[in-house]
Amino acid sequence: MKSELYYKSKKITLNILIHLFLISVAITCLYPLLWMISSSFKTQDIIFSDISLIPRHFHFENYINAWREGGFGRNFLNSIIYTASVVFGIVIISSLAAYAFARLRFPGRNLLFIMFMAAMMIPIPGSFVALYVLLNKLHLRNTPIGYILCMINVGLSTSIFLLKTFFDKLPKELEDAARIDGCSKLGIWWHVALPLAKPVLAVVVVFNALSVWNEYILALIIFDSRKFMPLQVALKTFQGEFVTNYPLLMAGLTITALPIILVYLFMQKYIVNGVTSGSGIRMKKLFNV
Amino acid sequence: MRKVAWCLVLGILLAGCGQGNQETDKSTITIWHWMTDREPAFQELAKRYVAKTGIKVNFELYAPSDAYAQKVHAAAQGATLPDVYGILGEKRDFASFVKAGHVLNLTPYMNDLLGSWKNRFFAKALAVNEFPDGNIYKVVPGIYGVPIDIMTIEMLYNKDLFKKLGLDPNRPPATFKEFIEIGKLLKAKNMQGLVSGWSEVWMIDCLANNYAFNIMGEDKVLATIRGEVPYTDPDWITVLGLFKEMRESGVLANGTVTMVNKTAEQLFATNKAVFAFNGSWCVNVYKGMNPVLNYAVMLPPKASDKHPMSIWEGAGSSFMVNARSKNKEEAVKFLKWLTDGEQQVYLAEVTSNLPANKDCLEKISPILAQFADDMELATHPNIWGVSEFPLVTETLDRGIQSIVIGEKTPEQVAADVQKVKEREQAKKRS
């Protein structure tokens, strides 16, 4: 018979091992972030000669220079407009489409859904030239609306898939009750389906926001005018072919990362719900995160 | 919630109100480029040009270079290329742009006034932008690009570390034997030798070709590419054997074979490695990493006296004029002005790149001038007129990596490369 001490020490050892593992994972995740912040206060030569995380002298002017030289003001506003518009567009269109796929019976429904799913398999760079030529013909190239439409299209298929999976599992009785109360199909979508889909919508919002916020290649290809470019393009001004201005790049990255960290913090509760309700697991597979 | 939704809809509509400026303005020359580090200098030169001529020059930066290359390809498809742009990639990409009518043949402009424009450039820099008679791409012979700056790839050594090793800092090793001897000193003092970005295999290819030219001469190297000399030839075994000697002598720094160039640059700049094999762009890189770095340029030490040592040189960056542009005459005038001595010296001073204009070497920094000193020894695969199968080049470069880590012998690598060469030749014939 094993003593109580044995079980206690076994539990403590196991706890120590688990915590050590978790701490090492946390350090691995946090270290690059801390290095970024630390380097944003150093000078170019100090970054390469002093690897300590706490700089001896703090060069706060790096932030001012990054903001000014990168032309962050206009680009920052652009990124906010693009992210908000694209995410709004994706949420509305994908939830309507997903609800239709889940609840309405119409000819070619499965084929249409498969086509949407197939679109997920096409990597964005593969469609750059085609998109460019199409937008050019529609006179939408070098216009924000052209970029927003492209980005909505990019995020649509995955979001439809996530929401359809959720709506498939939604009890039909809820909708029947709403119908008895006089709700139209659109009314049921707005008053019943959407509020219930909040956890999945949070996942859709966060991951699409992240995707739009970090996107720059499509923007670079579609836009000619600097005034339309998003924030990420401004960051590239610090990264040359051979020479990178690390202090300004790191200051710029810190500025860029802040809004998206705030979005995560504000929506953390919903993301956890989304993950625990199952959609997150599928979402993780889809977004490969 | 409803108010927020309406605000967002309004946002989309307002965002969509912005109109693209796709119309070409006759008094504005639009130039697309990817050179982040040269952007402030270009903007300054644009200001000077508008003050001098009244013609506005609009430099538009699209970085990084891979995204820029995609944009240029897409714009070519959509016939929306700007007045002036650069083509990144291999010569065959350049040729496809020329054949599609996107690039203006600059030969008449270059030859104008007894070739005054043409003669100001380093011949090799111009050759990269030229398609000679009977070129394999079947492009109408001519000069299709204007080199703005150039680059050479050479060896560098740290003068302070040379002193620590008891060597004369003004006398770098001239022969391969002397170079290998330094390996013993490095081992004794536990110091790191040669660093280079050899995980990016093209740099290995570059050094291997330097020694191939030195040991067997250009004709034999090109004959090998044409398939007339096998890679199992004793001269090629000698070239591959040099890498084995470097490994055994300890003259290579630890991990060079898997090193990215950024790491190699950092090690050299922070006085942790005695030698580096790098391009002239490194002057700017080292200046940023360690402004007081005490170093000098040297030729790769000669392994043979039969033929001269060669180095790779390329057009660091070149601009092409859009043949369909309404502003092409103005664009050519601007490029002529940009490659004038004054502007070239300014670019070299601000960006630490080697100017393409050979007449302004006296006015550039001494370290940059050292890179330019060996220009007569320069060569580049783009001007050889023949090109090796990519798979053969890859097998050679990977093979050299195997030699450096002691996995394979030079003979084994030579046999592997020859096997791939024969397979590719057979494929081509069929």
# chains A, B, ... in the order shown; residues from 1 in each chain; ligands from 1

call {"tool": "residues_around", "arguments": {"residues": "A:Asn65", "least_positions_apart": "5", "cutoff": "9 Å", "atoms": "only C-alpha atoms", "output": "count of residues only"}}
result
3

call {"tool": "residues_around", "arguments": {"residues": "B:Lys159", "least_positions_apart": "4", "cutoff": "9 Å", "atoms": "only C-alpha atoms", "output": "PyMOL selection string"}}
result
chain B and resi 163-164+167-170+274+293-296

call {"tool": "write_last_selection", "arguments": {"atoms": "C-alpha atoms", "output": "PDB file, in the first residue's frame"}}
result
ATOM      1  CA  LYS B 163      46.761  41.956 -36.266  1.00  0.00           C
ATOM      2  CA  LYS B 164      45.580  39.637 -33.471  1.00  0.00           C
ATOM      3  CA  LEU B 167      49.503  38.929 -39.725  1.00  0.00           C
ATOM      4  CA  ASP B 168      50.203  42.055 -41.727  1.00  0.00           C
ATOM      5  CA  PRO B 169      46.822  43.850 -42.048  1.00  0.00           C
ATOM      6  CA  ASN B 170      47.890  45.357 -45.355  1.00  0.00           C
ATOM      7  CA  VAL B 274      38.248  37.020 -39.906  1.00  0.00           C
ATOM      8  CA  LEU B 293      34.577  48.013 -38.399  1.00  0.00           C
ATOM      9  CA  ASN B 294      38.134  47.969 -39.762  1.00  0.00           C
ATOM     10  CA  TYR B 295      38.127  45.827 -42.896  1.00  0.00           C
ATOM     11  CA  ALA B 296      39.348  45.668 -46.474  1.00  0.00           C
TER      12      ALA B 296
END

call {"tool": "residues_around", "arguments": {"residues": "A:Lys185", "least_positions_apart": "3", "cutoff": "10 Å", "atoms": "only C-alpha atoms", "output": "VMD selection string"}}
result
chain A and resid 99 to 100 103 to 104 175 178 to 179 182 188 to 191

call {"tool": "write_last_selection", "arguments": {"atoms": "C-alpha atoms", "output": "mmCIF file, in the first residue's frame"}}
result
data_model
loop_
_atom_site.group_PDB
_atom_site.id
_atom_site.type_symbol
_atom_site.label_atom_id
_atom_site.label_comp_id
_atom_site.auth_asym_id
_atom_site.auth_seq_id
_atom_site.Cartn_x
_atom_site.Cartn_y
_atom_site.Cartn_z
ATOM 1 C CA TYR A 99 -27.688 30.238 -43.151
ATOM 2 C CA ALA A 100 -29.042 29.718 -46.656
ATOM 3 C CA ARG A 103 -31.603 25.888 -43.967
ATOM 4 C CA LEU A 104 -32.834 26.566 -47.476
ATOM 5 C CA GLU A 175 -36.664 28.864 -35.608
ATOM 6 C CA ALA A 178 -39.769 32.469 -34.172
ATOM 7 C CA ARG A 179 -41.810 31.631 -37.288
ATOM 8 C CA GLY A 182 -44.345 35.981 -37.229
ATOM 9 C CA ILE A 188 -35.051 34.534 -38.092
ATOM 10 C CA TRP A 189 -31.496 34.998 -39.403
ATOM 11 C CA TRP A 190 -31.206 38.412 -37.728
ATOM 12 C CA HIS A 191 -33.095 37.772 -34.455
#

call {"tool": "residues_around", "arguments": {"residues": "A:Leu96", "least_positions_apart": "3", "cutoff": "10 Å", "atoms": "only C-alpha atoms", "output": "list in words"}}
result
Ile90, Val91, Ile92, Ile93, Tyr99, Ala100, Phe101, Ala102, Ile160, Leu163, Lys164, Leu186, Trp189, Trp190, Ala193 and Leu194 of chain A

call {"tool": "write_last_selection", "arguments": {"atoms": "C-alpha atoms", "output": "short mmCIF file (atom, residue, chain, number, x, y, z; two decimals), in the first residue's frame"}}
result
data_model
loop_
_atom_site.label_atom_id
_atom_site.label_comp_id
_atom_site.auth_asym_id
_atom_site.auth_seq_id
_atom_site.Cartn_x
_atom_site.Cartn_y
_atom_site.Cartn_z
CA ILE A 90 -17.55 38.94 -44.45
CA VAL A 91 -19.77 38.64 -41.36
CA ILE A 92 -22.90 39.80 -43.20
CA ILE A 93 -22.36 37.88 -46.44
CA TYR A 99 -27.69 30.24 -43.15
CA ALA A 100 -29.04 29.72 -46.66
CA PHE A 101 -26.81 26.68 -47.19
CA ALA A 102 -27.88 25.22 -43.84
CA ILE A 160 -19.14 30.29 -44.65
CA LEU A 163 -20.94 29.30 -39.84
CA LYS A 164 -22.72 26.63 -41.88
CA LEU A 186 -34.52 37.19 -42.83
CA TRP A 189 -31.50 35.00 -39.40
CA TRP A 190 -31.21 38.41 -37.73
CA ALA A 193 -29.45 32.64 -35.81
CA LEU A 194 -27.00 35.54 -35.59
#

call {"tool": "atom_distance", "arguments": {"atom1": "atom CA of B:Arg423", "atom2": "atom CA of B:Leu222"}}
result
18.7 Å

call {"tool": "residues_around", "arguments": {"residues": "stretch 38-46 of chain A", "least_positions_apart": "6", "cutoff": "12 Å", "atoms": "only C-alpha atoms", "output": "PyMOL selection string"}}
result
(chain A and resi 31-32+52-66+238+243-255) or (chain B and resi 266+269-270+285-293)

call {"tool": "residues_around", "arguments": {"residues": "stretch 213-230 of chain A", "least_positions_apart": "3", "cutoff": "6 Å", "atoms": "only C-alpha atoms", "output": "tab-separated table (two decimals) with N, CA and C atoms, in the first residue's frame"}}
result
chain	number	residue	atom	x	y	z
A	75	ASN	N	-1.70	55.49	-43.38
A	75	ASN	CA	-1.77	54.04	-43.54
A	75	ASN	C	-2.51	53.37	-42.38
A	78	ASN	N	-6.12	53.82	-43.04
A	78	ASN	CA	-6.51	52.91	-44.12
A	78	ASN	C	-6.73	51.50	-43.59
A	79	SER	N	-5.75	51.03	-42.77
A	79	SER	CA	-5.85	49.66	-42.25
A	79	SER	C	-7.11	49.48	-41.41
A	141	ARG	N	-9.09	48.83	-60.02
A	141	ARG	CA	-7.71	48.75	-59.56
A	141	ARG	C	-7.29	50.13	-59.03
A	142	ASN	N	-6.44	50.11	-58.03
A	142	ASN	CA	-6.00	51.34	-57.39
A	142	ASN	C	-7.17	52.11	-56.77
A	209	ALA	N	-10.01	39.62	-39.12
A	209	ALA	CA	-9.38	40.91	-38.80
A	209	ALA	C	-7.87	40.77	-38.84
A	210	LEU	N	-7.39	39.67	-38.26
A	210	LEU	CA	-5.95	39.42	-38.26
A	210	LEU	C	-5.42	39.28	-39.68
A	233	VAL	N	2.28	47.81	-45.43
A	233	VAL	CA	3.15	48.26	-46.52
A	233	VAL	C	4.12	49.32	-46.00
B	67	ALA	N	7.27	40.78	-53.96
B	67	ALA	CA	5.95	41.36	-54.22
B	67	ALA	C	6.03	42.34	-55.39
B	71	LYS	N	3.99	42.38	-58.93
B	71	LYS	CA	3.24	43.56	-59.39
B	71	LYS	C	3.62	43.90	-60.83

call {"tool": "select_by_dssp", "arguments": {"residues": "stretch 194-256 of chain B", "states": "helix (DSSP H, G or I)", "output": "PyMOL selection string"}}
result
chain B and resi 202-226+234-249+256

call {"tool": "closest_residue", "arguments": {"among": "A:Phe167, A:Phe116, A:Phe88, A:Phe207", "to": "chain B", "atoms": "only C-alpha atoms"}}
result
A:Phe88
